[in-house]
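Q: The structure's right below; bear with me while I get my questions together.
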Amino acid sequence: MSKPTQCSLCEEAATVHLSQVVHGKVTKVHLCEACAQKGGATDPAVFQLADALAATTPAPTLTCPQCGFTDLDFRKRGRLGCPACWETFGEALDGLLVKVQHEPAHVGRAPAGVVPVAQLRRRLDAARLEMTAAVTGEDFEAAARLRDEIAALERQLAS
Amino acid sequence: MSVEDILAAESELTHLLGGQQAVVLSTRIRLARNLEGLPFPGWAKLPQRKETSDRCVTALEGLPKFRRGHVVRMGELGDRDRSVLVERHLVSKELAAGKSGAAVISRDQTVSVMVNEEDHLRIQVVKAGWHLRGTWHIAEQLDDALGGVLKLAFSDRLGYLTACPTNVGTGLRASAMVHLPGLCLAGHMDKVTRALNQDGLAVRGWLGEGTEAAGNVFQISNQQTLGLSEDAILKHLGGWIKHVVEQEWNARRKLAQEEGEKFVDRLARSLGVLRSARLLTSSEAMNMLSHLRLACDMGCLPEERRHLVDRLMIEGQPAHVQARAGQELDSDGRDRRRAAVVREALKDFPEVGPPTA
């Protein structure tokens, strides 16, 4: 015998089953005797119940268009659904990355044939600042080295 | 049967093909990689996991590194064979627990690529002893080769995209397996662990996450993978390992000096037990083998015997003992068999003498 469906609001076995169709989307609600009484499932206006229920069960606010993974899934599992999720949840994940990682921006290798534009731009900005500082500090050896690096970075970015 | 071939082969870690050293047992590099356009294994449906596995295994088999290597599919292996692979560090516990995982392993067992673990691909390279740069170069070359045949998920801003935010960016986990009996005996291990944790390094037991540090063996690895270059990550780990090795030697010398005969007695007793015991549990064997390794490092036993100790640490684990016996054994049976293997291996071992190192 299959396990009885659990009540959406508590641990009890559900005995009242409601289906609501809004704009072609079906929402199913399963309730136990007690919760159904409390929520007014005996009332003919059961639509309100589904609304009230939607307010108590947190609804996902972000869904990955590629794999259907939601922010709620992430909260449950701590892992993402697919590479495209990084795009979908981008901003939401930045706060976490700041906490667990060194900086929320990649520095390092890229697959063959991929020019890591953002990384090169960041390095270019930093090198320009370093060169200004080197010139001000009259460290012309460092300034010359940085000038060459800046030229090389500009060439790479132009290609 | 591939796992039998793996057991019978002379491998990097069991036969120390790359040479061996005091304190650092092995160096490991792990790179997490994923294919573009496919869900991560933990979220993928069975057909998608199968597609991932087929594409990755085919690509890997075609690489020169895996010529005459091994392909093992978890769904086709029994419990014992999967445990053997875990004990040899060729696959993780997580991979062994699922049915859709696979691993492609190089002939010398230095390189193992796990497919369908938490990420589509986990490249692992291991060398006996401390060889951070050499190990890294092998991983780097393999990564380039893989990137040439598979379209890897990469973002300009976040680097290599992974299932878990703790691996994104470089996807690099560099680690050293270190044997620290000196720091453990001196009671400094908590302090060392805290210092390492505070500077972004993780300390784990010898089978990785959530395992105990049997035999005073620990795995030390970087925690952060994003915002630091591969070179910076390796330098940071390398600096700390050098420091830990120095501290370990200091602790050992201090112990040997302060304890004198008691120090030698402890090591000699362990050899005595290992040579005579009729029943040996896995953790008892590990802890006593740890003393023997210490004795070899300190010159109390000839250094050239150390490789045998390292091999017994691997082959004394439960699944290895059963695989060698060729049958399932209960707990007592394993302990009896383990004791016999160790007794046989150590029967012409010389006596423990005073330290010379």
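Letters for chains follow the order of the structure tokens (A, B, ...), residue numbers begin at 1 for each chain, and ligand numbers begin at 1 in the order shown.
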Name all residues at most 9 Å from Arg49 (chain B) (count only C-alpha atoms; drop same-chain ones fewer than 2 positions away) and give them as JSON, numbers by chain.
A: {"B": [38, 39, 40, 41, 44, 45, 46, 47, 51, 52, 53, 54, 100, 101, 116, 120]}
Q: When you look at Val111 (chain B) with a cut-off of 10 Å (counting only C-alpha atoms), what residues show up, excluding the ones that are within fewer than 3 positions of it in the same chain? I need them as a list in words.
A: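 Once the adjacent positions are removed, what remains is Glu12, Arg28, Ile29, Arg30, Lys65, Phe66, Gly69, Leu90, Val104, Ile105, Ser106, Arg107, Asp108, Met114, Ile123, Gln124, Val125, Val126, Lys127, Thr135, Ile138, Ala139 and Leu142 of chain B.
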Q: When you look at region 127-132 of chain A with a cut-off of 8 Å (counting only C-alpha atoms), what residues show up, excluding the ones that are within fewer than 4 positions of it in the same chain? I need them as a list of chain:residue names.
A: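 The contact residues come out as A:Arg123, A:Thr136, A:Ala142, A:Ala143, A:Leu146, A:Arg147, A:Glu149, A:Ile150.
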Q: Can you work out which residues from chain A touch chain B at a cut-off of 8 Å (counting only C-alpha atoms) and hand them back as an mmCIF file with N, CA and C atoms, in the first residue's frame?
A:
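Saved result, iface14.cif, follows:
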data_model
loop_
_atom_site.group_PDB
_atom_site.id
_atom_site.type_symbol
_atom_site.label_atom_id
_atom_site.label_comp_id
_atom_site.auth_asym_id
_atom_site.auth_seq_id
_atom_site.Cartn_x
_atom_site.Cartn_y
_atom_site.Cartn_z
ATOM 1 N N CYS A 67 17.173 24.950 -16.828
ATOM 2 C CA CYS A 67 17.007 23.639 -16.183
ATOM 3 C C CYS A 67 15.872 23.594 -15.158
ATOM 4 N N GLY A 78 22.121 23.660 -1.572
ATOM 5 C CA GLY A 78 23.435 24.313 -1.527
ATOM 6 C C GLY A 78 24.256 24.102 -2.786
ATOM 7 N N ARG A 79 23.641 23.494 -3.814
ATOM 8 C CA ARG A 79 24.306 23.291 -5.105
ATOM 9 C C ARG A 79 23.399 23.853 -6.188
ATOM 10 N N LEU A 80 23.978 24.232 -7.312
ATOM 11 C CA LEU A 80 23.179 24.774 -8.403
ATOM 12 C C LEU A 80 22.740 23.675 -9.361
ATOM 13 N N GLY A 81 21.804 24.026 -10.266
ATOM 14 C CA GLY A 81 21.256 23.030 -11.173
ATOM 15 C C GLY A 81 22.049 22.818 -12.445
ATOM 16 N N CYS A 82 22.553 23.908 -13.032
ATOM 17 C CA CYS A 82 23.301 23.788 -14.286
ATOM 18 C C CYS A 82 24.192 25.019 -14.447
ATOM 19 N N PRO A 83 25.109 25.008 -15.399
ATOM 20 C CA PRO A 83 25.989 26.177 -15.566
ATOM 21 C C PRO A 83 25.216 27.475 -15.771
ATOM 22 N N ALA A 84 24.060 27.407 -16.471
ATOM 23 C CA ALA A 84 23.300 28.635 -16.736
ATOM 24 C C ALA A 84 22.697 29.237 -15.461
ATOM 25 N N TRP A 86 24.203 30.024 -12.913
ATOM 26 C CA TRP A 86 25.097 31.079 -12.432
ATOM 27 C C TRP A 86 24.671 32.435 -12.992
ATOM 28 N N LEU A 96 27.012 35.494 -1.255
ATOM 29 C CA LEU A 96 27.586 34.255 -0.741
ATOM 30 C C LEU A 96 29.057 34.150 -1.151
ATOM 31 N N LEU A 97 29.335 34.494 -2.402
ATOM 32 C CA LEU A 97 30.710 34.395 -2.903
ATOM 33 C C LEU A 97 31.651 35.317 -2.123
ATOM 34 N N VAL A 100 32.416 33.309 1.118
ATOM 35 C CA VAL A 100 33.201 32.074 1.106
ATOM 36 C C VAL A 100 34.438 32.133 0.207
ATOM 37 N N GLN A 101 34.522 33.123 -0.662
ATOM 38 C CA GLN A 101 35.644 33.164 -1.590
ATOM 39 C C GLN A 101 36.537 34.373 -1.342
ATOM 40 N N HIS A 102 37.682 34.398 -2.020
ATOM 41 C CA HIS A 102 38.620 35.493 -1.838
ATOM 42 C C HIS A 102 38.070 36.789 -2.429
ATOM 43 N N GLU A 103 37.670 36.743 -3.690
ATOM 44 C CA GLU A 103 37.063 37.885 -4.380
ATOM 45 C C GLU A 103 36.008 37.306 -5.320
ATOM 46 N N PRO A 104 34.888 38.019 -5.539
ATOM 47 C CA PRO A 104 33.875 37.446 -6.435
ATOM 48 C C PRO A 104 34.184 37.680 -7.916
ATOM 49 N N ALA A 105 35.430 37.525 -8.309
ATOM 50 C CA ALA A 105 35.809 37.675 -9.716
ATOM 51 C C ALA A 105 36.963 36.736 -10.019
ATOM 52 N N HIS A 106 36.876 36.054 -11.166
ATOM 53 C CA HIS A 106 37.870 35.034 -11.507
ATOM 54 C C HIS A 106 39.205 35.634 -11.931
ATOM 55 N N VAL A 107 40.258 35.076 -11.368
ATOM 56 C CA VAL A 107 41.616 35.375 -11.804
ATOM 57 C C VAL A 107 42.238 34.014 -12.077
ATOM 58 N N GLY A 108 42.660 33.777 -13.293
ATOM 59 C CA GLY A 108 43.288 32.478 -13.548
ATOM 60 C C GLY A 108 43.031 31.979 -14.952
ATOM 61 N N ARG A 109 43.174 30.674 -15.096
ATOM 62 C CA ARG A 109 43.124 30.059 -16.420
ATOM 63 C C ARG A 109 41.760 30.195 -17.093
ATOM 64 N N ALA A 110 41.797 30.063 -18.421
ATOM 65 C CA ALA A 110 40.578 30.014 -19.213
ATOM 66 C C ALA A 110 40.766 28.894 -20.222
ATOM 67 N N PRO A 111 39.670 28.301 -20.712
ATOM 68 C CA PRO A 111 39.835 27.233 -21.705
ATOM 69 C C PRO A 111 40.546 27.775 -22.945
ATOM 70 N N ALA A 112 41.262 26.901 -23.650
ATOM 71 C CA ALA A 112 41.973 27.304 -24.856
ATOM 72 C C ALA A 112 41.008 28.006 -25.809
ATOM 73 N N PRO A 116 39.691 35.836 -21.733
ATOM 74 C CA PRO A 116 38.957 36.276 -20.535
ATOM 75 C C PRO A 116 38.933 37.801 -20.452
ATOM 76 N N VAL A 117 38.007 38.411 -21.202
ATOM 77 C CA VAL A 117 37.974 39.869 -21.361
ATOM 78 C C VAL A 117 37.884 40.609 -20.031
ATOM 79 N N ALA A 118 36.939 40.201 -19.185
ATOM 80 C CA ALA A 118 36.735 40.916 -17.922
ATOM 81 C C ALA A 118 38.009 40.889 -17.082
ATOM 82 N N GLN A 119 38.650 39.722 -17.070
ATOM 83 C CA GLN A 119 39.870 39.568 -16.277
ATOM 84 C C GLN A 119 40.981 40.481 -16.814
#
Q: Which value, in Å to one decimal, gives the distance between CA of Gly238 (chain B) and CA of Val86 (chain B)?
A: 25.9 Å
